[in-house]
Amino acid sequence: MVVVVAGVGGSGGPVVVDGDREDCGWHRWGGFTWFFFSNFLTASLKFLFYSATEQLEFIVLSQRTGDPKYQQKMDELACFAPGMIALGASGYGPDDSQKFLSLAEELAWTCYNFYQSTPTKLAGENYFFHSGQDMSVGTSWNILRPETVESLFYLWRLTGNKTYQEWGWNIFEAFEKNSHVESGYVGLKDVHTGVKDNMMQSFFLAETLKYFYLLYSPSSVIPLNEWVFNTEAHPLKIVTRNSEGESFRLSDKRNKPIVKSRGRKEGRFVDD
């Protein structure tokens with residue numbers, strides 16, 4: 001599997017990053033995330049933003065499958081990336097942080113339009129992009145995936161921009177209208193017709209609805225400077241090691257671990 005971040009129709013050609021994939025969780029593991037930021041984003045930033053601002057409507061995180069002819073195809077599964085990039089951006093200086101955050105927001109706009117481009121306002125599984133044309137649905141089912149809502153949650157927490165709450169509410173209302181049944185929620189066989197399947201994926205409760213809840217919760221609910229979410233949206237407490245290698249130190253007054261912030265701010269990008 002080859003991962004490509006490129007602007008549709010850009011004259012510079014695609015920028016390619018190789019990544020191993022054993023399952024759909026490949027893209028969120030720490031090693032790839034570190035490589036993504038350290039070796040790729042900085043080098044490709046000039047190309048990406050030239051394409052976005054001067055030629056293109058969408059920034060696309062797309063893929064190749066070995067076909068001789070390059071095709072711009074992006075999965076909804078890749079819509080975790082705006083949140084990942086926004087979260088990582090807070091570890092840079094002000095100028096670089098803003099560049100990475102802008103890239104995250106551009107990708108989030110693409111993901112939101114996956115939903116807005118269909119009659120049901122629910123996203124298909126993947127989309128194709130062709131220069132000078134609208135995006136088109138590839139695989140047309142919707143199985144209640146969380147990735148776009150996940151990124152909207154991170155962008156809301158990190159910027160305070162209520163636009164991301166509005167986008168999330170539009171997606172939630174589309175789920176309510178098209179997927180809500182008496183016993184729960186089901187996916188769609190086709191996002192064009194709205195024909196339902198008969199299955200509620202477990203991740204809809206564990207991830208999708210959790211991120212919806214957090215999108216409208218105060219920043220003090222699972223603050224991002226104290227907790228990190230793993231690939232399945234389980235919050236894990238951030239505990240730093242002291243100079244002697246212990247996992248945490250205990251306070252004098254209470255038998256509780258003292259947790260240090262690692263530079264990710266609770267609700268906004270702010271200077272240290």
# chains A, B, ... in the order shown; residues from 1 in each chain; ligands from 1

call {"tool": "select_by_dssp", "arguments": {"residues": "region 138-195 of chain A", "states": "alpha helix (DSSP H)", "output": "tab-separated table (two decimals) with all heavy atoms, in the first residue's frame"}}
result
chain	number	residue	atom	x	y	z
A	147	GLU	N	-14.35	8.36	11.74
A	147	GLU	CA	-13.12	9.11	11.51
A	147	GLU	C	-13.33	10.61	11.32
A	147	GLU	O	-12.58	11.43	11.85
A	147	GLU	CB	-12.35	8.52	10.32
A	147	GLU	CG	-11.63	7.23	10.60
A	147	GLU	CD	-12.57	6.03	10.65
A	147	GLU	OE1	-13.72	6.14	10.14
A	147	GLU	OE2	-12.17	4.98	11.19
A	148	THR	N	-14.33	10.99	10.55
A	148	THR	CA	-14.56	12.42	10.31
A	148	THR	C	-14.97	13.12	11.60
A	148	THR	O	-14.47	14.22	11.91
A	148	THR	CB	-15.62	12.62	9.23
A	148	THR	OG1	-15.15	12.06	7.99
A	148	THR	CG2	-15.93	14.10	9.02
A	149	VAL	N	-15.84	12.50	12.37
A	149	VAL	CA	-16.29	13.10	13.63
A	149	VAL	C	-15.11	13.19	14.60
A	149	VAL	O	-14.98	14.17	15.35
A	149	VAL	CB	-17.44	12.29	14.24
A	149	VAL	CG1	-17.95	12.96	15.51
A	149	VAL	CG2	-18.57	12.12	13.25
A	150	GLU	N	-14.25	12.20	14.59
A	150	GLU	CA	-13.03	12.23	15.41
A	150	GLU	C	-12.21	13.48	15.11
A	150	GLU	O	-11.78	14.21	16.02
A	150	GLU	CB	-12.21	10.98	15.14
A	150	GLU	CG	-10.87	10.92	15.82
A	150	GLU	CD	-10.07	9.68	15.41
A	150	GLU	OE1	-10.57	8.86	14.63
A	150	GLU	OE2	-8.92	9.56	15.88
A	151	SER	N	-11.99	13.76	13.84
A	151	SER	CA	-11.20	14.94	13.47
A	151	SER	C	-11.91	16.23	13.82
A	151	SER	O	-11.28	17.20	14.24
A	151	SER	CB	-10.87	14.89	11.98
A	151	SER	OG	-9.85	13.95	11.71
A	152	LEU	N	-13.23	16.26	13.67
A	152	LEU	CA	-13.97	17.46	14.04
A	152	LEU	C	-13.84	17.74	15.54
A	152	LEU	O	-13.72	18.90	15.96
A	152	LEU	CB	-15.44	17.32	13.66
A	152	LEU	CG	-15.75	17.21	12.16
A	152	LEU	CD1	-17.26	17.07	11.94
A	152	LEU	CD2	-15.20	18.39	11.38
A	153	PHE	N	-13.84	16.68	16.33
A	153	PHE	CA	-13.65	16.84	17.78
A	153	PHE	C	-12.30	17.48	18.09
A	153	PHE	O	-12.20	18.45	18.85
A	153	PHE	CB	-13.77	15.47	18.46
A	153	PHE	CG	-13.05	15.38	19.78
A	153	PHE	CD1	-13.47	16.12	20.87
A	153	PHE	CD2	-11.93	14.56	19.91
A	153	PHE	CE1	-12.78	16.04	22.09
A	153	PHE	CE2	-11.25	14.48	21.12
A	153	PHE	CZ	-11.68	15.23	22.21
A	154	TYR	N	-11.22	16.94	17.49
A	154	TYR	CA	-9.89	17.50	17.75
A	154	TYR	C	-9.80	18.95	17.28
A	154	TYR	O	-9.24	19.81	17.98
A	154	TYR	CB	-8.82	16.66	17.07
A	154	TYR	CG	-8.46	15.40	17.82
A	154	TYR	CD1	-8.70	14.15	17.27
A	154	TYR	CD2	-7.88	15.46	19.08
A	154	TYR	CE1	-8.37	12.98	17.96
A	154	TYR	CE2	-7.55	14.31	19.78
A	154	TYR	CZ	-7.79	13.08	19.21
A	154	TYR	OH	-7.46	11.93	19.90
A	155	LEU	N	-10.33	19.23	16.11
A	155	LEU	CA	-10.24	20.60	15.59
A	155	LEU	C	-11.04	21.57	16.45
A	155	LEU	O	-10.63	22.71	16.67
A	155	LEU	CB	-10.69	20.64	14.14
A	155	LEU	CG	-9.68	20.07	13.14
A	155	LEU	CD1	-10.32	19.80	11.79
A	155	LEU	CD2	-8.49	21.03	12.98
A	156	TRP	N	-12.17	21.13	16.95
A	156	TRP	CA	-12.95	21.99	17.84
A	156	TRP	C	-12.18	22.26	19.13
A	156	TRP	O	-12.06	23.41	19.58
A	156	TRP	CB	-14.30	21.35	18.17
A	156	TRP	CG	-14.88	21.76	19.48
A	156	TRP	CD1	-15.11	20.98	20.58
A	156	TRP	CD2	-15.30	23.08	19.87
A	156	TRP	NE1	-15.62	21.71	21.61
A	156	TRP	CE2	-15.75	23.01	21.20
A	156	TRP	CE3	-15.32	24.31	19.22
A	156	TRP	CZ2	-16.23	24.12	21.90
A	156	TRP	CZ3	-15.80	25.42	19.92
A	156	TRP	CH2	-16.25	25.32	21.23
A	157	ARG	N	-11.62	21.21	19.72
A	157	ARG	CA	-10.89	21.38	20.97
A	157	ARG	C	-9.66	22.27	20.79
A	157	ARG	O	-9.32	23.06	21.66
A	157	ARG	CB	-10.44	20.01	21.51
A	157	ARG	CG	-11.53	19.23	22.23
A	157	ARG	CD	-11.85	19.80	23.60
A	157	ARG	NE	-12.84	19.01	24.30
A	157	ARG	CZ	-12.55	18.03	25.16
A	157	ARG	NH1	-11.28	17.71	25.39
A	157	ARG	NH2	-13.51	17.37	25.75
A	158	LEU	N	-8.99	22.14	19.67
A	158	LEU	CA	-7.72	22.83	19.49
A	158	LEU	C	-7.86	24.24	18.94
A	158	LEU	O	-6.93	25.05	19.06
A	158	LEU	CB	-6.81	22.01	18.56
A	158	LEU	CG	-6.36	20.66	19.15
A	158	LEU	CD1	-5.71	19.80	18.08
A	158	LEU	CD2	-5.41	20.86	20.32
A	159	THR	N	-8.98	24.55	18.32
A	159	THR	CA	-9.16	25.89	17.74
A	159	THR	C	-10.29	26.67	18.38
A	159	THR	O	-10.30	27.90	18.32
A	159	THR	CB	-9.43	25.81	16.23
A	159	THR	OG1	-10.73	25.23	16.01
A	159	THR	CG2	-8.37	24.97	15.52
A	163	THR	N	-17.50	26.23	13.89
A	163	THR	CA	-17.83	25.64	12.60
A	163	THR	C	-17.78	24.12	12.67
A	163	THR	O	-18.62	23.42	12.08
A	163	THR	CB	-16.86	26.13	11.51
A	163	THR	OG1	-17.05	27.53	11.33
A	163	THR	CG2	-17.11	25.42	10.18
A	164	TYR	N	-16.82	23.58	13.42
A	164	TYR	CA	-16.66	22.14	13.49
A	164	TYR	C	-17.80	21.49	14.26
A	164	TYR	O	-18.18	20.35	13.98
A	164	TYR	CB	-15.29	21.79	14.07
A	164	TYR	CG	-14.18	22.35	13.22
A	164	TYR	CD1	-13.32	23.34	13.70
A	164	TYR	CD2	-14.03	21.95	11.89
A	164	TYR	CE1	-12.34	23.89	12.90
A	164	TYR	CE2	-13.05	22.50	11.09
A	164	TYR	CZ	-12.21	23.46	11.59
A	164	TYR	OH	-11.24	24.02	10.77
A	165	GLN	N	-18.35	22.20	15.23
A	165	GLN	CA	-19.54	21.71	15.91
A	165	GLN	C	-20.74	21.72	14.96
A	165	GLN	O	-21.57	20.81	14.97
A	165	GLN	CB	-19.84	22.55	17.14
A	165	GLN	CG	-18.84	22.36	18.27
A	165	GLN	CD	-19.21	23.16	19.50
A	165	GLN	OE1	-19.56	24.35	19.40
A	165	GLN	NE2	-19.11	22.54	20.66
A	166	GLU	N	-20.83	22.76	14.16
A	166	GLU	CA	-21.93	22.84	13.19
A	166	GLU	C	-21.85	21.71	12.16
A	166	GLU	O	-22.86	21.07	11.84
A	166	GLU	CB	-21.92	24.20	12.49
A	166	GLU	CG	-22.20	25.36	13.43
A	166	GLU	CD	-21.93	26.71	12.79
A	166	GLU	OE1	-21.57	26.73	11.58
A	166	GLU	OE2	-22.06	27.74	13.48
A	167	TRP	N	-20.65	21.45	11.66
A	167	TRP	CA	-20.48	20.35	10.71
A	167	TRP	C	-20.85	19.02	11.37
A	167	TRP	O	-21.52	18.18	10.77
A	167	TRP	CB	-19.03	20.28	10.23
A	167	TRP	CG	-18.62	21.41	9.35
A	167	TRP	CD1	-19.38	22.48	8.94
A	167	TRP	CD2	-17.31	21.61	8.77
A	167	TRP	NE1	-18.63	23.32	8.15
A	167	TRP	CE2	-17.37	22.81	8.02
A	167	TRP	CE3	-16.13	20.89	8.81
A	167	TRP	CZ2	-16.27	23.29	7.32
A	167	TRP	CZ3	-15.03	21.37	8.12
A	167	TRP	CH2	-15.10	22.55	7.38
A	168	GLY	N	-20.41	18.84	12.61
A	168	GLY	CA	-20.73	17.61	13.33
A	168	GLY	C	-22.22	17.44	13.53
A	168	GLY	O	-22.75	16.33	13.39
A	169	TRP	N	-22.90	18.53	13.83
A	169	TRP	CA	-24.35	18.44	14.03
A	169	TRP	C	-25.07	18.07	12.74
A	169	TRP	O	-26.03	17.30	12.75
A	169	TRP	CB	-24.89	19.75	14.58
A	169	TRP	CG	-26.33	19.64	14.99
A	169	TRP	CD1	-27.41	20.20	14.40
A	169	TRP	CD2	-26.83	18.89	16.10
A	169	TRP	NE1	-28.56	19.86	15.05
A	169	TRP	CE2	-28.23	19.04	16.12
A	169	TRP	CE3	-26.23	18.09	17.09
A	169	TRP	CZ2	-29.05	18.43	17.07
A	169	TRP	CZ3	-27.04	17.48	18.05
A	169	TRP	CH2	-28.42	17.66	18.02
A	170	ASN	N	-24.60	18.60	11.64
A	170	ASN	CA	-25.20	18.22	10.35
A	170	ASN	C	-25.03	16.73	10.07
A	170	ASN	O	-25.94	16.06	9.57
A	170	ASN	CB	-24.56	19.04	9.22
A	170	ASN	CG	-24.94	20.50	9.26
A	170	ASN	OD1	-25.95	20.87	9.84
A	170	ASN	ND2	-24.13	21.35	8.66
A	171	ILE	N	-23.86	16.20	10.40
A	171	ILE	CA	-23.62	14.76	10.21
A	171	ILE	C	-24.49	13.95	11.17
A	171	ILE	O	-25.09	12.94	10.78
A	171	ILE	CB	-22.13	14.44	10.41
A	171	ILE	CG1	-21.30	15.11	9.31
A	171	ILE	CG2	-21.89	12.93	10.41
A	171	ILE	CD1	-19.79	15.03	9.53
A	172	PHE	N	-24.59	14.40	12.41
A	172	PHE	CA	-25.42	13.69	13.38
A	172	PHE	C	-26.88	13.65	12.93
A	172	PHE	O	-27.55	12.61	13.03
A	172	PHE	CB	-25.31	14.35	14.75
A	172	PHE	CG	-26.14	13.68	15.81
A	172	PHE	CD1	-25.71	12.49	16.39
A	172	PHE	CD2	-27.36	14.22	16.21
A	172	PHE	CE1	-26.48	11.86	17.36
A	172	PHE	CE2	-28.13	13.60	17.17
A	172	PHE	CZ	-27.69	12.41	17.76
A	173	GLU	N	-27.39	14.77	12.45
A	173	GLU	CA	-28.77	14.81	11.98
A	173	GLU	C	-28.98	13.88	10.79
A	173	GLU	O	-30.05	13.27	10.65
A	173	GLU	CB	-29.16	16.24	11.62
A	173	GLU	CG	-29.36	17.14	12.83
A	173	GLU	CD	-29.99	18.48	12.46
A	173	GLU	OE1	-29.58	19.04	11.42
A	173	GLU	OE2	-30.88	18.93	13.19
A	174	ALA	N	-27.96	13.74	9.94
A	174	ALA	CA	-28.07	12.81	8.81
A	174	ALA	C	-28.13	11.37	9.30
A	174	ALA	O	-28.89	10.55	8.75
A	174	ALA	CB	-26.90	13.00	7.86
A	175	PHE	N	-27.35	11.04	10.33
A	175	PHE	CA	-27.45	9.71	10.94
A	175	PHE	C	-28.85	9.51	11.53
A	175	PHE	O	-29.45	8.43	11.36
A	175	PHE	CB	-26.40	9.52	12.04
A	175	PHE	CG	-25.03	9.16	11.53
A	175	PHE	CD1	-23.92	9.88	11.93
A	175	PHE	CD2	-24.85	8.08	10.67
A	175	PHE	CE1	-22.65	9.55	11.47
A	175	PHE	CE2	-23.58	7.74	10.21
A	175	PHE	CZ	-22.49	8.48	10.61
A	176	GLU	N	-29.35	10.51	12.22
A	176	GLU	CA	-30.68	10.40	12.82
A	176	GLU	C	-31.75	10.17	11.75
A	176	GLU	O	-32.65	9.35	11.91
A	176	GLU	CB	-31.00	11.66	13.62
A	176	GLU	CG	-30.34	11.74	14.97
A	176	GLU	CD	-30.93	10.75	15.94
A	176	GLU	OE1	-32.16	10.74	16.12
A	176	GLU	OE2	-30.17	9.95	16.52
A	177	LYS	N	-31.66	10.89	10.67
A	177	LYS	CA	-32.67	10.80	9.62
A	177	LYS	C	-32.60	9.49	8.84
A	177	LYS	O	-33.64	8.90	8.52
A	177	LYS	CB	-32.51	11.98	8.66
A	177	LYS	CG	-33.52	11.99	7.53
A	177	LYS	CD	-33.34	13.21	6.63
A	177	LYS	CE	-34.34	13.21	5.49
A	177	LYS	NZ	-34.17	14.41	4.61
A	178	ASN	N	-31.41	9.02	8.57
A	178	ASN	CA	-31.24	7.90	7.65
A	178	ASN	C	-30.90	6.57	8.30
A	178	ASN	O	-31.18	5.52	7.70
A	178	ASN	CB	-30.13	8.22	6.63
A	178	ASN	CG	-30.47	9.41	5.75
A	178	ASN	OD1	-31.24	9.30	4.81
A	178	ASN	ND2	-29.87	10.56	6.05
A	179	SER	N	-30.33	6.59	9.49
A	179	SER	CA	-29.81	5.36	10.08
A	179	SER	C	-30.50	4.94	11.38
A	179	SER	O	-30.32	3.81	11.83
A	179	SER	CB	-28.31	5.51	10.36
A	179	SER	OG	-27.59	5.68	9.16

call {"tool": "select_by_dssp", "arguments": {"residues": "region 153-218 of chain A", "states": "strand (DSSP E or B)", "output": "ChimeraX atom specification"}}
result
/A:180-181,184-185,188,196

call {"tool": "atom_distance", "arguments": {"atom1": "CA of Phe212 (chain A)", "atom2": "CA of Lys162 (chain A)"}}
result
13.7 Å

call {"tool": "atom_distance", "arguments": {"atom1": "CA of Leu77 (chain A)", "atom2": "CA of Lys99 (chain A)"}}
result
23.2 Å

call {"tool": "closest_residue", "arguments": {"among": "A:Met74, A:Ile238, A:Ile85, A:Leu103", "to": "Glu125 (chain A)", "atoms": "only C-alpha atoms"}}
result
A:Met74

call {"tool": "atom_distance", "arguments": {"atom1": "CA of Gly124 (chain A)", "atom2": "CA of Asn230 (chain A)"}}
result
24.5 Å

call {"tool": "residues_around", "arguments": {"residues": "His180 (chain A)", "least_positions_apart": "4", "cutoff": "12 Å", "atoms": "only C-alpha atoms", "output": "JSON, numbers by chain"}}
result
{"A": [144, 172, 173, 174, 175, 176, 184, 185, 186, 187, 188, 194, 196, 197, 198, 199, 200, 204]}

call {"tool": "write_last_selection", "arguments": {"atoms": "C-alpha atoms", "output": "PDB file, in the first residue's frame"}}
result
ATOM      1  CA  LEU A 144     -21.411   4.519  10.603  1.00  0.00           C
ATOM      2  CA  PHE A 172     -25.421  13.691  13.380  1.00  0.00           C
ATOM      3  CA  GLU A 173     -28.774  14.811  11.979  1.00  0.00           C
ATOM      4  CA  ALA A 174     -28.073  12.808   8.813  1.00  0.00           C
ATOM      5  CA  PHE A 175     -27.451   9.708  10.938  1.00  0.00           C
ATOM      6  CA  GLU A 176     -30.682  10.399  12.816  1.00  0.00           C
ATOM      7  CA  GLY A 184     -30.547   1.334  17.346  1.00  0.00           C
ATOM      8  CA  TYR A 185     -28.709   2.573  14.262  1.00  0.00           C
ATOM      9  CA  VAL A 186     -27.876   0.798  11.033  1.00  0.00           C
ATOM     10  CA  GLY A 187     -25.648   1.500   8.066  1.00  0.00           C
ATOM     11  CA  LEU A 188     -26.746   2.258   4.526  1.00  0.00           C
ATOM     12  CA  GLY A 194     -30.759   5.607   1.536  1.00  0.00           C
ATOM     13  CA  LYS A 196     -30.567   0.504   4.936  1.00  0.00           C
ATOM     14  CA  ASP A 197     -28.589  -2.552   5.896  1.00  0.00           C
ATOM     15  CA  ASN A 198     -29.405  -4.492   9.081  1.00  0.00           C
ATOM     16  CA  MET A 199     -26.231  -4.040  11.138  1.00  0.00           C
ATOM     17  CA  MET A 200     -24.949  -1.611  13.769  1.00  0.00           C
ATOM     18  CA  PHE A 204     -20.591   3.285  16.293  1.00  0.00           C
TER      19      PHE A 204
END

call {"tool": "closest_residue", "arguments": {"among": "A:Val195, A:Phe58, A:Tyr213, A:Leu107", "to": "Phe128 (chain A)", "atoms": "only C-alpha atoms"}}
result
A:Phe58

call {"tool": "residues_around", "arguments": {"residues": "Pro218 (chain A)", "least_positions_apart": "4", "cutoff": "9 Å", "atoms": "only C-alpha atoms", "output": "list of chain:residue names"}}
result
A:Arg157, A:Leu214, A:Ile222, A:Pro223, A:Gly267

call {"tool": "residues_around", "arguments": {"residues": "region 232-235 of chain A", "least_positions_apart": "5", "cutoff": "9 Å", "atoms": "only C-alpha atoms", "output": "PyMOL selection string"}}
result
chain A and resi 25+150+203+206-208+210-211+222+227
